[in-house]
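Q: Take this structure, written in structure tokens, and hold onto it; I'll ask about it next.
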Amino acid sequence: MSEYIQVSTTVTTEEEAGAIARLLVEKRLAACVQVVGPITSHYRWQGKIETAKEYLCLAKSRAALYLEMEAAIKSIHPYEVAEIIATPIIAGSKEYLAWLAAEVKEPIRT
């Protein structure tokens, strides 16, 4: 398993995306959250094909913090079913990954 991840989620407004970004960085669950958008999403919801403008949040963190990140996002996410997915970071510059590690909290070891 990769030590580092990128977690993505989408929301309707730039303000909602900013709130998620601030929350994750303030709690030291993410070193960086980039907000991209607006983007256009096409999806099936409750039997219908939908199209919506959304903002995409891309958060960089440690894999060991995923469950805390998911809970934090869900605590303020406006959607009934939020897209919250993690992708492993399989490689990165040594300097960037060192910075990422320094900016997020240490995971609790059990």
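Chain identifiers are assigned as A, B, and so on, following the order in which chains appear in the structure tokens; residues are numbered from 1 within each chain, and ligands are numbered from 1 in order of appearance.
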As JSON, numbers by chain, please: the residues near stretch 35-42 of chain A (cut-off 12 Å, only C-alpha atoms, same-chain neighbours under 3 positions excluded).
A: {"A": [7, 8, 9, 10, 11, 12, 13, 14, 15, 16, 17, 18, 19, 20, 21, 22, 32, 45, 48, 49, 50, 51, 52, 53, 54, 55, 56, 57, 58, 59, 60, 83]}
Q: Determine which residues of chain A DSSP labels as strand (DSSP E) from the backbone of this structure, then write them out as a ChimeraX atom specification.
A: /A:4-11,32-45,48-62,85-88
Q: Taking C-alpha atoms for each residue, export the selection above as a PDB file, in the first residue's frame.
A:
```pdb
ATOM      1  CA  TYR A   4       0.426   8.780   0.455  1.00  0.00           C
ATOM      2  CA  ILE A   5      -2.957   9.357  -1.196  1.00  0.00           C
ATOM      3  CA  GLN A   6      -4.957  11.916  -3.101  1.00  0.00           C
ATOM      4  CA  VAL A   7      -8.567  12.111  -1.952  1.00  0.00           C
ATOM      5  CA  SER A   8     -11.142  13.635  -4.263  1.00  0.00           C
ATOM      6  CA  THR A   9     -14.654  14.890  -3.668  1.00  0.00           C
ATOM      7  CA  THR A  10     -17.059  17.100  -5.597  1.00  0.00           C
ATOM      8  CA  VAL A  11     -19.514  19.748  -4.408  1.00  0.00           C
ATOM      9  CA  CYS A  32      -2.787  20.712   0.305  1.00  0.00           C
ATOM     10  CA  VAL A  33      -6.244  20.807  -1.233  1.00  0.00           C
ATOM     11  CA  GLN A  34      -6.626  22.078  -4.764  1.00  0.00           C
ATOM     12  CA  VAL A  35     -10.040  23.250  -5.912  1.00  0.00           C
ATOM     13  CA  VAL A  36     -10.745  22.818  -9.617  1.00  0.00           C
ATOM     14  CA  GLY A  37     -13.789  24.071 -11.396  1.00  0.00           C
ATOM     15  CA  PRO A  38     -16.335  24.526 -12.360  1.00  0.00           C
ATOM     16  CA  ILE A  39     -16.363  21.143 -14.041  1.00  0.00           C
ATOM     17  CA  THR A  40     -19.278  19.358 -15.674  1.00  0.00           C
ATOM     18  CA  SER A  41     -20.298  15.996 -14.224  1.00  0.00           C
ATOM     19  CA  HIS A  42     -22.574  13.487 -15.938  1.00  0.00           C
ATOM     20  CA  TYR A  43     -24.025  10.733 -13.748  1.00  0.00           C
ATOM     21  CA  ARG A  44     -27.013   8.541 -13.069  1.00  0.00           C
ATOM     22  CA  TRP A  45     -28.998   9.444  -9.924  1.00  0.00           C
ATOM     23  CA  LYS A  48     -32.186   9.504 -14.288  1.00  0.00           C
ATOM     24  CA  ILE A  49     -29.143  10.730 -16.160  1.00  0.00           C
ATOM     25  CA  GLU A  50     -28.111  14.077 -14.687  1.00  0.00           C
ATOM     26  CA  THR A  51     -25.650  16.821 -15.630  1.00  0.00           C
ATOM     27  CA  ALA A  52     -24.321  19.275 -13.050  1.00  0.00           C
ATOM     28  CA  LYS A  53     -21.685  21.953 -12.607  1.00  0.00           C
ATOM     29  CA  GLU A  54     -19.427  21.012  -9.692  1.00  0.00           C
ATOM     30  CA  TYR A  55     -16.140  21.880  -8.026  1.00  0.00           C
ATOM     31  CA  LEU A  56     -13.520  19.177  -7.520  1.00  0.00           C
ATOM     32  CA  CYS A  57     -11.375  19.049  -4.378  1.00  0.00           C
ATOM     33  CA  LEU A  58      -8.064  17.176  -4.608  1.00  0.00           C
ATOM     34  CA  ALA A  59      -6.513  16.611  -1.166  1.00  0.00           C
ATOM     35  CA  LYS A  60      -3.018  15.210  -0.591  1.00  0.00           C
ATOM     36  CA  SER A  61      -2.430  13.228   2.598  1.00  0.00           C
ATOM     37  CA  ARG A  62      -1.233  10.020   4.217  1.00  0.00           C
ATOM     38  CA  ILE A  85     -12.434   8.405  -3.192  1.00  0.00           C
ATOM     39  CA  ALA A  86      -8.738   7.890  -2.545  1.00  0.00           C
ATOM     40  CA  THR A  87      -6.088   7.209  -5.139  1.00  0.00           C
ATOM     41  CA  PRO A  88      -2.611   6.065  -4.127  1.00  0.00           C
TER      42      PRO A  88
END
```
Q: Please, which residues in stretch 57-95 of chain A fall within 12 Å of stretch 24-31 of chain A when counting only C-alpha atoms, and what is the closest atom pair and distance in Å to one decimal for each, ordered by chain then residue number, as CSV?
A:
```
residue,atom,partner,partner_atom,distance
A:Cys57,CA,A:Leu24,CA,10.6
A:Leu58,CA,A:Ala30,CA,9.6
A:Ala59,CA,A:Ala30,CA,5.8
A:Lys60,CA,A:Ala30,CA,5.4
A:Ser61,CA,A:Ala30,CA,4.7
A:Arg62,CA,A:Ala30,CA,7.9
A:Ala63,CA,A:Leu29,CA,10.2
A:Ala64,CA,A:Leu29,CA,10.0
A:Leu65,CA,A:Leu29,CA,6.6
A:Tyr66,CA,A:Leu29,CA,8.3
A:Leu67,CA,A:Leu29,CA,10.0
A:Glu68,CA,A:Leu29,CA,7.4
A:Met69,CA,A:Leu29,CA,6.1
A:Glu70,CA,A:Leu29,CA,9.9
A:Ala71,CA,A:Leu24,CA,10.5
A:Ala72,CA,A:Leu24,CA,7.3
A:Ile73,CA,A:Leu24,CA,7.8
A:Lys74,CA,A:Leu24,CA,11.5
A:Ser75,CA,A:Leu24,CA,11.3
A:Ile76,CA,A:Leu24,CA,11.0
```
Q: Those selected residues, please, written with N, CA and C atoms and delivered as a PDB file, in the first residue's frame.
A:
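That gives us part.pdb:
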```pdb
ATOM      1  N   CYS A  57     -12.425  18.872  -5.383  1.00  0.00           N
ATOM      2  CA  CYS A  57     -11.375  19.049  -4.378  1.00  0.00           C
ATOM      3  C   CYS A  57     -10.412  17.876  -4.478  1.00  0.00           C
ATOM      4  N   LEU A  58      -9.120  18.190  -4.554  1.00  0.00           N
ATOM      5  CA  LEU A  58      -8.064  17.176  -4.608  1.00  0.00           C
ATOM      6  C   LEU A  58      -7.162  17.381  -3.398  1.00  0.00           C
ATOM      7  N   ALA A  59      -7.242  16.476  -2.434  1.00  0.00           N
ATOM      8  CA  ALA A  59      -6.513  16.611  -1.166  1.00  0.00           C
ATOM      9  C   ALA A  59      -5.378  15.589  -1.083  1.00  0.00           C
ATOM     10  N   LYS A  60      -4.174  16.087  -0.737  1.00  0.00           N
ATOM     11  CA  LYS A  60      -3.018  15.210  -0.591  1.00  0.00           C
ATOM     12  C   LYS A  60      -2.775  14.917   0.874  1.00  0.00           C
ATOM     13  N   SER A  61      -2.576  13.628   1.202  1.00  0.00           N
ATOM     14  CA  SER A  61      -2.430  13.228   2.598  1.00  0.00           C
ATOM     15  C   SER A  61      -1.724  11.883   2.709  1.00  0.00           C
ATOM     16  N   ARG A  62      -1.741  11.365   3.939  1.00  0.00           N
ATOM     17  CA  ARG A  62      -1.233  10.020   4.217  1.00  0.00           C
ATOM     18  C   ARG A  62      -2.395   9.022   4.119  1.00  0.00           C
ATOM     19  N   ALA A  63      -2.111   7.843   3.630  1.00  0.00           N
ATOM     20  CA  ALA A  63      -3.139   6.806   3.536  1.00  0.00           C
ATOM     21  C   ALA A  63      -3.717   6.479   4.908  1.00  0.00           C
ATOM     22  N   ALA A  64      -2.896   6.523   5.933  1.00  0.00           N
ATOM     23  CA  ALA A  64      -3.343   6.185   7.285  1.00  0.00           C
ATOM     24  C   ALA A  64      -4.367   7.183   7.833  1.00  0.00           C
ATOM     25  N   LEU A  65      -4.502   8.341   7.209  1.00  0.00           N
ATOM     26  CA  LEU A  65      -5.462   9.349   7.663  1.00  0.00           C
ATOM     27  C   LEU A  65      -6.776   9.313   6.883  1.00  0.00           C
ATOM     28  N   TYR A  66      -6.928   8.355   5.961  1.00  0.00           N
ATOM     29  CA  TYR A  66      -8.111   8.347   5.100  1.00  0.00           C
ATOM     30  C   TYR A  66      -9.424   8.345   5.892  1.00  0.00           C
ATOM     31  N   LEU A  67      -9.563   7.477   6.861  1.00  0.00           N
ATOM     32  CA  LEU A  67     -10.849   7.385   7.574  1.00  0.00           C
ATOM     33  C   LEU A  67     -11.190   8.690   8.284  1.00  0.00           C
ATOM     34  N   GLU A  68     -10.190   9.374   8.850  1.00  0.00           N
ATOM     35  CA  GLU A  68     -10.437  10.680   9.466  1.00  0.00           C
ATOM     36  C   GLU A  68     -10.820  11.715   8.416  1.00  0.00           C
ATOM     37  N   MET A  69     -10.179  11.660   7.254  1.00  0.00           N
ATOM     38  CA  MET A  69     -10.517  12.584   6.175  1.00  0.00           C
ATOM     39  C   MET A  69     -11.951  12.364   5.722  1.00  0.00           C
ATOM     40  N   GLU A  70     -12.322  11.102   5.522  1.00  0.00           N
ATOM     41  CA  GLU A  70     -13.683  10.782   5.087  1.00  0.00           C
ATOM     42  C   GLU A  70     -14.703  11.309   6.087  1.00  0.00           C
ATOM     43  N   ALA A  71     -14.473  11.091   7.370  1.00  0.00           N
ATOM     44  CA  ALA A  71     -15.403  11.559   8.394  1.00  0.00           C
ATOM     45  C   ALA A  71     -15.499  13.085   8.401  1.00  0.00           C
ATOM     46  N   ALA A  72     -14.359  13.762   8.260  1.00  0.00           N
ATOM     47  CA  ALA A  72     -14.362  15.230   8.245  1.00  0.00           C
ATOM     48  C   ALA A  72     -15.130  15.760   7.039  1.00  0.00           C
ATOM     49  N   ILE A  73     -14.895  15.169   5.870  1.00  0.00           N
ATOM     50  CA  ILE A  73     -15.609  15.596   4.663  1.00  0.00           C
ATOM     51  C   ILE A  73     -17.111  15.376   4.829  1.00  0.00           C
ATOM     52  N   LYS A  74     -17.487  14.187   5.284  1.00  0.00           N
ATOM     53  CA  LYS A  74     -18.911  13.881   5.458  1.00  0.00           C
ATOM     54  C   LYS A  74     -19.579  14.821   6.458  1.00  0.00           C
ATOM     55  N   SER A  75     -18.825  15.306   7.437  1.00  0.00           N
ATOM     56  CA  SER A  75     -19.415  16.156   8.474  1.00  0.00           C
ATOM     57  C   SER A  75     -19.938  17.475   7.915  1.00  0.00           C
ATOM     58  N   ILE A  76     -19.414  17.925   6.759  1.00  0.00           N
ATOM     59  CA  ILE A  76     -19.893  19.186   6.186  1.00  0.00           C
ATOM     60  C   ILE A  76     -20.323  19.062   4.729  1.00  0.00           C
TER      61      ILE A  76
END
```
Q: Enumerate the residues of stretch 56-104 of chain A with a DSSP assignment of helix (DSSP H, G or I), computed from the backbone, and present them as a PyMOL selection string.
A: chain A and resi 63-76+94-103
Q: Store the residues of this selection in a file with N, CA, C and O atoms, as a tab-separated table (two decimals), in the first residue's frame.
A:
```tsv
chain	number	residue	atom	x	y	z
A	63	ALA	N	-2.11	7.84	3.63
A	63	ALA	CA	-3.14	6.81	3.54
A	63	ALA	C	-3.72	6.48	4.91
A	63	ALA	O	-4.92	6.23	5.04
A	64	ALA	N	-2.90	6.52	5.93
A	64	ALA	CA	-3.34	6.18	7.29
A	64	ALA	C	-4.37	7.18	7.83
A	64	ALA	O	-5.04	6.89	8.82
A	65	LEU	N	-4.50	8.34	7.21
A	65	LEU	CA	-5.46	9.35	7.66
A	65	LEU	C	-6.78	9.31	6.88
A	65	LEU	O	-7.67	10.12	7.13
A	66	TYR	N	-6.93	8.36	5.96
A	66	TYR	CA	-8.11	8.35	5.10
A	66	TYR	C	-9.42	8.34	5.89
A	66	TYR	O	-10.33	9.12	5.59
A	67	LEU	N	-9.56	7.48	6.86
A	67	LEU	CA	-10.85	7.38	7.57
A	67	LEU	C	-11.19	8.69	8.28
A	67	LEU	O	-12.36	9.11	8.29
A	68	GLU	N	-10.19	9.37	8.85
A	68	GLU	CA	-10.44	10.68	9.47
A	68	GLU	C	-10.82	11.72	8.42
A	68	GLU	O	-11.69	12.56	8.66
A	69	MET	N	-10.18	11.66	7.25
A	69	MET	CA	-10.52	12.58	6.17
A	69	MET	C	-11.95	12.36	5.72
A	69	MET	O	-12.71	13.31	5.55
A	70	GLU	N	-12.32	11.10	5.52
A	70	GLU	CA	-13.68	10.78	5.09
A	70	GLU	C	-14.70	11.31	6.09
A	70	GLU	O	-15.70	11.94	5.70
A	71	ALA	N	-14.47	11.09	7.37
A	71	ALA	CA	-15.40	11.56	8.39
A	71	ALA	C	-15.50	13.09	8.40
A	71	ALA	O	-16.59	13.64	8.52
A	72	ALA	N	-14.36	13.76	8.26
A	72	ALA	CA	-14.36	15.23	8.24
A	72	ALA	C	-15.13	15.76	7.04
A	72	ALA	O	-15.94	16.69	7.16
A	73	ILE	N	-14.90	15.17	5.87
A	73	ILE	CA	-15.61	15.60	4.66
A	73	ILE	C	-17.11	15.38	4.83
A	73	ILE	O	-17.92	16.27	4.57
A	74	LYS	N	-17.49	14.19	5.28
A	74	LYS	CA	-18.91	13.88	5.46
A	74	LYS	C	-19.58	14.82	6.46
A	74	LYS	O	-20.77	15.11	6.34
A	75	SER	N	-18.82	15.31	7.44
A	75	SER	CA	-19.41	16.16	8.47
A	75	SER	C	-19.94	17.47	7.92
A	75	SER	O	-20.82	18.09	8.53
A	76	ILE	N	-19.41	17.93	6.76
A	76	ILE	CA	-19.89	19.19	6.19
A	76	ILE	C	-20.32	19.06	4.73
A	76	ILE	O	-20.73	20.05	4.12
A	94	LYS	N	10.99	13.68	-3.96
A	94	LYS	CA	11.39	13.49	-2.57
A	94	LYS	C	11.06	14.73	-1.74
A	94	LYS	O	10.54	14.62	-0.62
A	95	GLU	N	11.31	15.89	-2.31
A	95	GLU	CA	11.07	17.14	-1.58
A	95	GLU	C	9.58	17.36	-1.32
A	95	GLU	O	9.18	17.77	-0.22
A	96	TYR	N	8.74	17.10	-2.32
A	96	TYR	CA	7.30	17.29	-2.14
A	96	TYR	C	6.75	16.32	-1.11
A	96	TYR	O	5.98	16.71	-0.23
A	97	LEU	N	7.14	15.06	-1.20
A	97	LEU	CA	6.62	14.08	-0.25
A	97	LEU	C	7.10	14.36	1.17
A	97	LEU	O	6.36	14.13	2.13
A	98	ALA	N	8.31	14.88	1.32
A	98	ALA	CA	8.81	15.27	2.65
A	98	ALA	C	7.97	16.42	3.20
A	98	ALA	O	7.60	16.44	4.38
A	99	TRP	N	7.65	17.40	2.33
A	99	TRP	CA	6.80	18.51	2.74
A	99	TRP	C	5.41	18.01	3.13
A	99	TRP	O	4.87	18.40	4.17
A	100	LEU	N	4.84	17.14	2.32
A	100	LEU	CA	3.51	16.58	2.61
A	100	LEU	C	3.52	15.91	3.97
A	100	LEU	O	2.65	16.16	4.81
A	101	ALA	N	4.53	15.07	4.23
A	101	ALA	CA	4.61	14.36	5.50
A	101	ALA	C	4.73	15.32	6.68
A	101	ALA	O	4.15	15.08	7.75
A	102	ALA	N	5.45	16.41	6.50
A	102	ALA	CA	5.64	17.38	7.58
A	102	ALA	C	4.38	18.19	7.87
A	102	ALA	O	4.18	18.66	9.00
A	103	GLU	N	3.51	18.35	6.89
A	103	GLU	CA	2.34	19.22	7.03
A	103	GLU	C	1.08	18.52	7.50
A	103	GLU	O	0.12	19.18	7.89
```
Q: By how many Å are atom CA of A:Ser2 and atom CA of A:Ile84 apart?
A: 17.8 Å
Q: Would you work out the distance separating atom CA of A:Tyr79 from atom CA of A:Gly47, expressed in Å to one decimal?
A: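 Between atom CA of A:Tyr79 and atom CA of A:Gly47 the gap is 16.9 Å.
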